[in-house]
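Have a look at the structure below before the remarks.
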Amino acid sequence: MRQEASADASPAADALQPAVCFGAVMHERHVQAHNRFVYPTAFLRLPLSSLDTLRVPLLGIERANVFSFRNRDHGARDGSPLLPWIQALLRGQGLAEICDGEIVLQTMPRIFGFVFNPVSFWLCHDREGVLRVVLAEVSNTFGERHNYLVHHPELRPIVSGDELRATKCFHVSPFFPVRGEYRFRFEQRGAVHAVAIDLLDGGELQLSTRLSGRAEALDGRAMRKWLARQPFMTLGVVARIHWQALRLALRRVSFFRKPPPPIEETT
């Protein structure tokens, strides 16, 4: 069993390489008014150590292009480099020693200048390429954000299927109160990367979210494929959020007013 766990914890070498993932996102509401939907999606996986040297057709790093990645969309949100920011955060939490390898940011870029990321993931590895800590960077449609930092209490490697929990303290949807806890699961099976996030309240499952995609090399061909398939995907994310909210409102699902955001940036 130790051998199996060790093998599962060690990702394929290309898991730490720049990639585009094409897949789907699923949401399922389990209480009061059942609601389920699945949409196609795509996202980037960007190793922060090589971000400054990345050159990909159609993708601008800190410059305008059809697709663009801007430091100001993440971390301190002031345009400063991202790697020093996440390293400082890890040091402040006493996690720098075990996160001494690559940090991969999984997120959506701007498309024609527009982006909204409901959640981005900072996947922090050790020098052997093993996942040890994840920072989930969550944004709501009110322009607020909050980070959930998750890892095992004993700081052991995170392997596929492991459950990591965090207390919910940030308002995301007006159809759920700021209460309960999140259950995260991160999986890699070959080229497929998947994240499952469940919201539980008093032990009862409230909401299930699944995000998965098959990785392809981050190159011009992949970006042209993305452009052909979903040229307005990031704008569509916001449109779909409001469409689903309207459907729930018409079904008279309980509405919860937005409380002030947490004082602390990271939980």
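Just so we're on the same page: first chain in the structure tokens is A, next is B, and so on; residues restart at 1 for each chain, and ligands are numbered from 1 in the order they show up.
Omitting Val66 in chain A and its sequence neighbours fewer than 2 positions away, and counting only C-alpha atoms, the residues within 7 Å are Leu58, Leu59, Ser68, Ile111 and Phe112 of chain A.
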Would you please extract all strand (DSSP E or B) residues from range 32-130 of chain A, as assigned by DSSP on the backbone, and give them as a ChimeraX atom specification? /A:35-47,56,59-61,67-69,103-107,110-111,114,119-125
Please save N, CA and C atoms of the selected residues as a compact mmCIF listing (two decimals), in the first residue's frame.
```
# COMPACT_ATOMS: atom_id res chain seq x y z
N ASN A 35 -31.12 21.29 -8.82
CA ASN A 35 -30.72 21.94 -10.06
C ASN A 35 -29.36 21.42 -10.47
N ARG A 36 -29.23 20.99 -11.70
CA ARG A 36 -27.96 20.45 -12.19
C ARG A 36 -27.68 20.98 -13.59
N PHE A 37 -26.44 21.35 -13.83
CA PHE A 37 -26.06 21.78 -15.18
C PHE A 37 -24.60 21.44 -15.44
N VAL A 38 -24.29 21.27 -16.71
CA VAL A 38 -22.93 20.95 -17.15
C VAL A 38 -22.60 21.85 -18.34
N TYR A 39 -21.45 22.49 -18.29
CA TYR A 39 -21.03 23.34 -19.40
C TYR A 39 -19.61 22.94 -19.83
N PRO A 40 -19.31 23.07 -21.11
CA PRO A 40 -17.93 22.85 -21.55
C PRO A 40 -17.04 23.98 -21.04
N THR A 41 -15.79 23.67 -20.80
CA THR A 41 -14.87 24.70 -20.30
C THR A 41 -13.45 24.38 -20.76
N ALA A 42 -12.57 25.31 -20.48
CA ALA A 42 -11.14 25.12 -20.73
C ALA A 42 -10.39 25.96 -19.72
N PHE A 43 -9.18 25.55 -19.41
CA PHE A 43 -8.38 26.31 -18.45
C PHE A 43 -6.91 26.07 -18.70
N LEU A 44 -6.09 26.97 -18.19
CA LEU A 44 -4.64 26.87 -18.31
C LEU A 44 -4.06 26.26 -17.05
N ARG A 45 -2.92 25.60 -17.20
CA ARG A 45 -2.09 25.18 -16.07
C ARG A 45 -0.70 25.78 -16.32
N LEU A 46 -0.34 26.75 -15.47
CA LEU A 46 0.86 27.55 -15.70
C LEU A 46 1.87 27.36 -14.56
N PRO A 47 3.02 26.73 -14.83
CA PRO A 47 4.08 26.66 -13.81
C PRO A 47 4.68 28.05 -13.60
N VAL A 56 3.75 31.83 -26.33
CA VAL A 56 2.75 30.99 -26.99
C VAL A 56 1.92 31.86 -27.93
N LEU A 59 -1.46 33.90 -26.98
CA LEU A 59 -1.49 34.09 -25.54
C LEU A 59 -0.44 35.12 -25.13
N GLY A 60 -0.90 36.23 -24.58
CA GLY A 60 0.01 37.25 -24.09
C GLY A 60 0.22 37.13 -22.59
N ILE A 61 1.46 37.13 -22.16
CA ILE A 61 1.79 37.14 -20.75
C ILE A 61 2.17 38.56 -20.37
N PHE A 67 -5.90 35.91 -26.10
CA PHE A 67 -5.87 35.40 -24.73
C PHE A 67 -4.75 36.15 -24.00
N SER A 68 -4.98 36.51 -22.77
CA SER A 68 -3.92 37.19 -22.02
C SER A 68 -3.96 36.79 -20.56
N PHE A 69 -2.78 36.72 -19.98
CA PHE A 69 -2.64 36.41 -18.56
C PHE A 69 -2.01 37.61 -17.89
N ILE A 103 5.18 25.40 -8.44
CA ILE A 103 3.82 25.83 -8.12
C ILE A 103 3.10 26.09 -9.43
N VAL A 104 2.02 25.37 -9.65
CA VAL A 104 1.25 25.46 -10.89
C VAL A 104 -0.04 26.19 -10.61
N LEU A 105 -0.31 27.25 -11.38
CA LEU A 105 -1.55 28.00 -11.25
C LEU A 105 -2.54 27.50 -12.31
N GLN A 106 -3.67 26.99 -11.85
CA GLN A 106 -4.72 26.50 -12.75
C GLN A 106 -5.83 27.54 -12.79
N THR A 107 -6.05 28.14 -13.97
CA THR A 107 -6.95 29.28 -14.06
C THR A 107 -7.37 29.51 -15.49
N ARG A 110 -7.67 35.90 -19.56
CA ARG A 110 -8.56 36.86 -20.20
C ARG A 110 -8.76 36.44 -21.66
N ILE A 111 -9.97 36.61 -22.16
CA ILE A 111 -10.25 36.38 -23.58
C ILE A 111 -10.83 37.67 -24.13
N PHE A 114 -11.39 40.13 -21.25
CA PHE A 114 -12.33 39.91 -20.15
C PHE A 114 -12.07 38.58 -19.47
N VAL A 119 -13.07 30.30 -9.39
CA VAL A 119 -12.03 29.75 -8.51
C VAL A 119 -10.81 29.40 -9.35
N SER A 120 -9.64 29.77 -8.84
CA SER A 120 -8.37 29.36 -9.41
C SER A 120 -7.62 28.55 -8.36
N PHE A 121 -6.76 27.65 -8.80
CA PHE A 121 -6.05 26.78 -7.87
C PHE A 121 -4.54 26.95 -8.03
N TRP A 122 -3.89 27.20 -6.90
CA TRP A 122 -2.43 27.24 -6.84
C TRP A 122 -1.99 25.89 -6.28
N LEU A 123 -1.40 25.07 -7.11
CA LEU A 123 -1.02 23.70 -6.75
C LEU A 123 0.46 23.68 -6.39
N CYS A 124 0.74 23.51 -5.10
CA CYS A 124 2.09 23.67 -4.57
C CYS A 124 2.73 22.30 -4.33
N HIS A 125 3.84 22.05 -5.00
CA HIS A 125 4.52 20.75 -4.96
C HIS A 125 5.84 20.83 -4.19
```
Name all residues at most 10 Å from Glu102 in chain A (count only C-alpha atoms; drop same-chain ones fewer than 4 positions away) and give them as a ChimeraX atom specification. /A:16-17,47-50,83,123-131
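For the residues A:Arg189, A:Lys258, A:Arg210, A:His152, ranking by smallest atom-to-atom distance to Cys169 in chain A using only C-alpha atoms places A:Lys258 first.
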Report as a PyMOL selection string: the residues of range 69-216 of chain A with a DSSP assignment of helix (DSSP H, G or I), based on the backbone of this structure. chain A and resi 71-73+82-92
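Of the residues listed (A:Thr167, A:Thr141, A:Ser173, A:Thr53), A:Ser173 shows the shortest atom-to-atom separation from Arg257 in chain A; distances use only C-alpha atoms.
Distances from A:Arg183, A:Arg55, A:His27, A:His34 to Leu218 in chain A were compared using only C-alpha atoms, and the smallest one belongs to A:Arg55.
With distances restricted to only C-alpha atoms, A:Ile86 is the closest residue to Glu137 in chain A from A:Val159, A:Ile86, A:Val237, A:Ala249.
With distances restricted to only C-alpha atoms, A:Ala33 is the closest residue to Arg251 in chain A from A:Arg156, A:Ala19, A:Phe170, A:Ala33.
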Polymer residues at most 9 Å from Lys168 in chain A, only C-alpha atoms, same-chain spacing of 6 or more positions, as a list in words: Tyr148, Val178, Arg179, Gly180, Glu181, Tyr182 and Leu199 of chain A
Output C-alpha atoms for every residue in that selection, as an mmCIF file, in the first residue's frame.
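Saved as again27.cif:
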```
data_model
loop_
_atom_site.group_PDB
_atom_site.id
_atom_site.type_symbol
_atom_site.label_atom_id
_atom_site.label_comp_id
_atom_site.auth_asym_id
_atom_site.auth_seq_id
_atom_site.Cartn_x
_atom_site.Cartn_y
_atom_site.Cartn_z
ATOM 1 C CA TYR A 148 -8.816 28.767 1.179
ATOM 2 C CA VAL A 178 -22.180 31.504 4.715
ATOM 3 C CA ARG A 179 -22.231 28.308 6.733
ATOM 4 C CA GLY A 180 -20.908 24.750 6.571
ATOM 5 C CA GLU A 181 -17.699 23.448 5.095
ATOM 6 C CA TYR A 182 -16.118 22.647 1.770
ATOM 7 C CA LEU A 199 -20.479 22.015 0.174
#
```
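Closest approach to Leu90 in chain A from the set A:Leu51, A:Val133, A:Ala76, A:Leu246 is made by A:Val133, with distances taken over only C-alpha atoms.
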Long-range neighbours of Leu207 in chain A as a PDB file with C-alpha atoms, in the first residue's frame, 7 Å cut-off, only C-alpha atoms, 5 positions minimum in chain:
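selection_11.pdb, freshly written:
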```
ATOM      1  CA  GLU A  28     -25.543  20.157  -8.790  1.00  0.00           C
ATOM      2  CA  ARG A  29     -27.735  21.638  -6.074  1.00  0.00           C
ATOM      3  CA  HIS A  30     -29.116  18.969  -3.736  1.00  0.00           C
ATOM      4  CA  ASP A 198     -18.680  19.638  -2.173  1.00  0.00           C
ATOM      5  CA  LEU A 199     -20.479  22.015   0.174  1.00  0.00           C
TER       6      LEU A 199
END
```
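Straight-line separation from CA of Gly79 in chain A to CA of Arg224 in chain A: 26.9 Å.
Computed from the coordinates, the CA of Ala166 in chain A to CA of Val150 in chain A distance equals 6.9 Å.
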All residues 8 Å or closer to Ser254 in chain A, only C-alpha atoms, same chain fewer than 2 positions away omitted, as a PyMOL selection string: chain A and resi 175-176+252+256
What lies within 8 Å of Leu149 in chain A using only C-alpha atoms, ignoring chain neighbours under 2 positions off, as a ChimeraX atom specification? /A:133-136,147,151,166,266-267
Write a file of the selected residues as an mmCIF file, in the first residue's frame, keeping N, CA and C atoms.
```cif
data_model
loop_
_atom_site.group_PDB
_atom_site.id
_atom_site.type_symbol
_atom_site.label_atom_id
_atom_site.label_comp_id
_atom_site.auth_asym_id
_atom_site.auth_seq_id
_atom_site.Cartn_x
_atom_site.Cartn_y
_atom_site.Cartn_z
ATOM 1 N N VAL A 133 0.224 21.122 -0.984
ATOM 2 C CA VAL A 133 -0.668 22.182 -0.509
ATOM 3 C C VAL A 133 -1.394 22.773 -1.717
ATOM 4 N N VAL A 134 -2.656 23.176 -1.521
ATOM 5 C CA VAL A 134 -3.413 23.852 -2.575
ATOM 6 C C VAL A 134 -4.025 25.127 -1.998
ATOM 7 N N LEU A 135 -3.889 26.213 -2.728
ATOM 8 C CA LEU A 135 -4.581 27.451 -2.397
ATOM 9 C C LEU A 135 -5.714 27.626 -3.405
ATOM 10 N N ALA A 136 -6.957 27.619 -2.913
ATOM 11 C CA ALA A 136 -8.121 27.862 -3.760
ATOM 12 C C ALA A 136 -8.471 29.339 -3.661
ATOM 13 N N ASN A 147 -9.235 33.385 -0.114
ATOM 14 C CA ASN A 147 -8.406 32.206 -0.364
ATOM 15 C C ASN A 147 -8.647 31.149 0.711
ATOM 16 N N HIS A 151 -4.523 21.551 3.144
ATOM 17 C CA HIS A 151 -3.473 20.530 3.178
ATOM 18 C C HIS A 151 -3.849 19.544 4.272
ATOM 19 N N ALA A 166 -12.347 22.692 4.477
ATOM 20 C CA ALA A 166 -12.185 24.083 4.901
ATOM 21 C C ALA A 166 -13.545 24.631 5.297
ATOM 22 N N THR A 266 -6.939 35.061 3.781
ATOM 23 C CA THR A 266 -6.748 33.625 3.587
ATOM 24 C C THR A 266 -7.208 32.850 4.808
ATOM 25 N N THR A 267 -7.978 31.790 4.565
ATOM 26 C CA THR A 267 -8.396 30.878 5.627
ATOM 27 C C THR A 267 -7.603 29.591 5.469
#
```
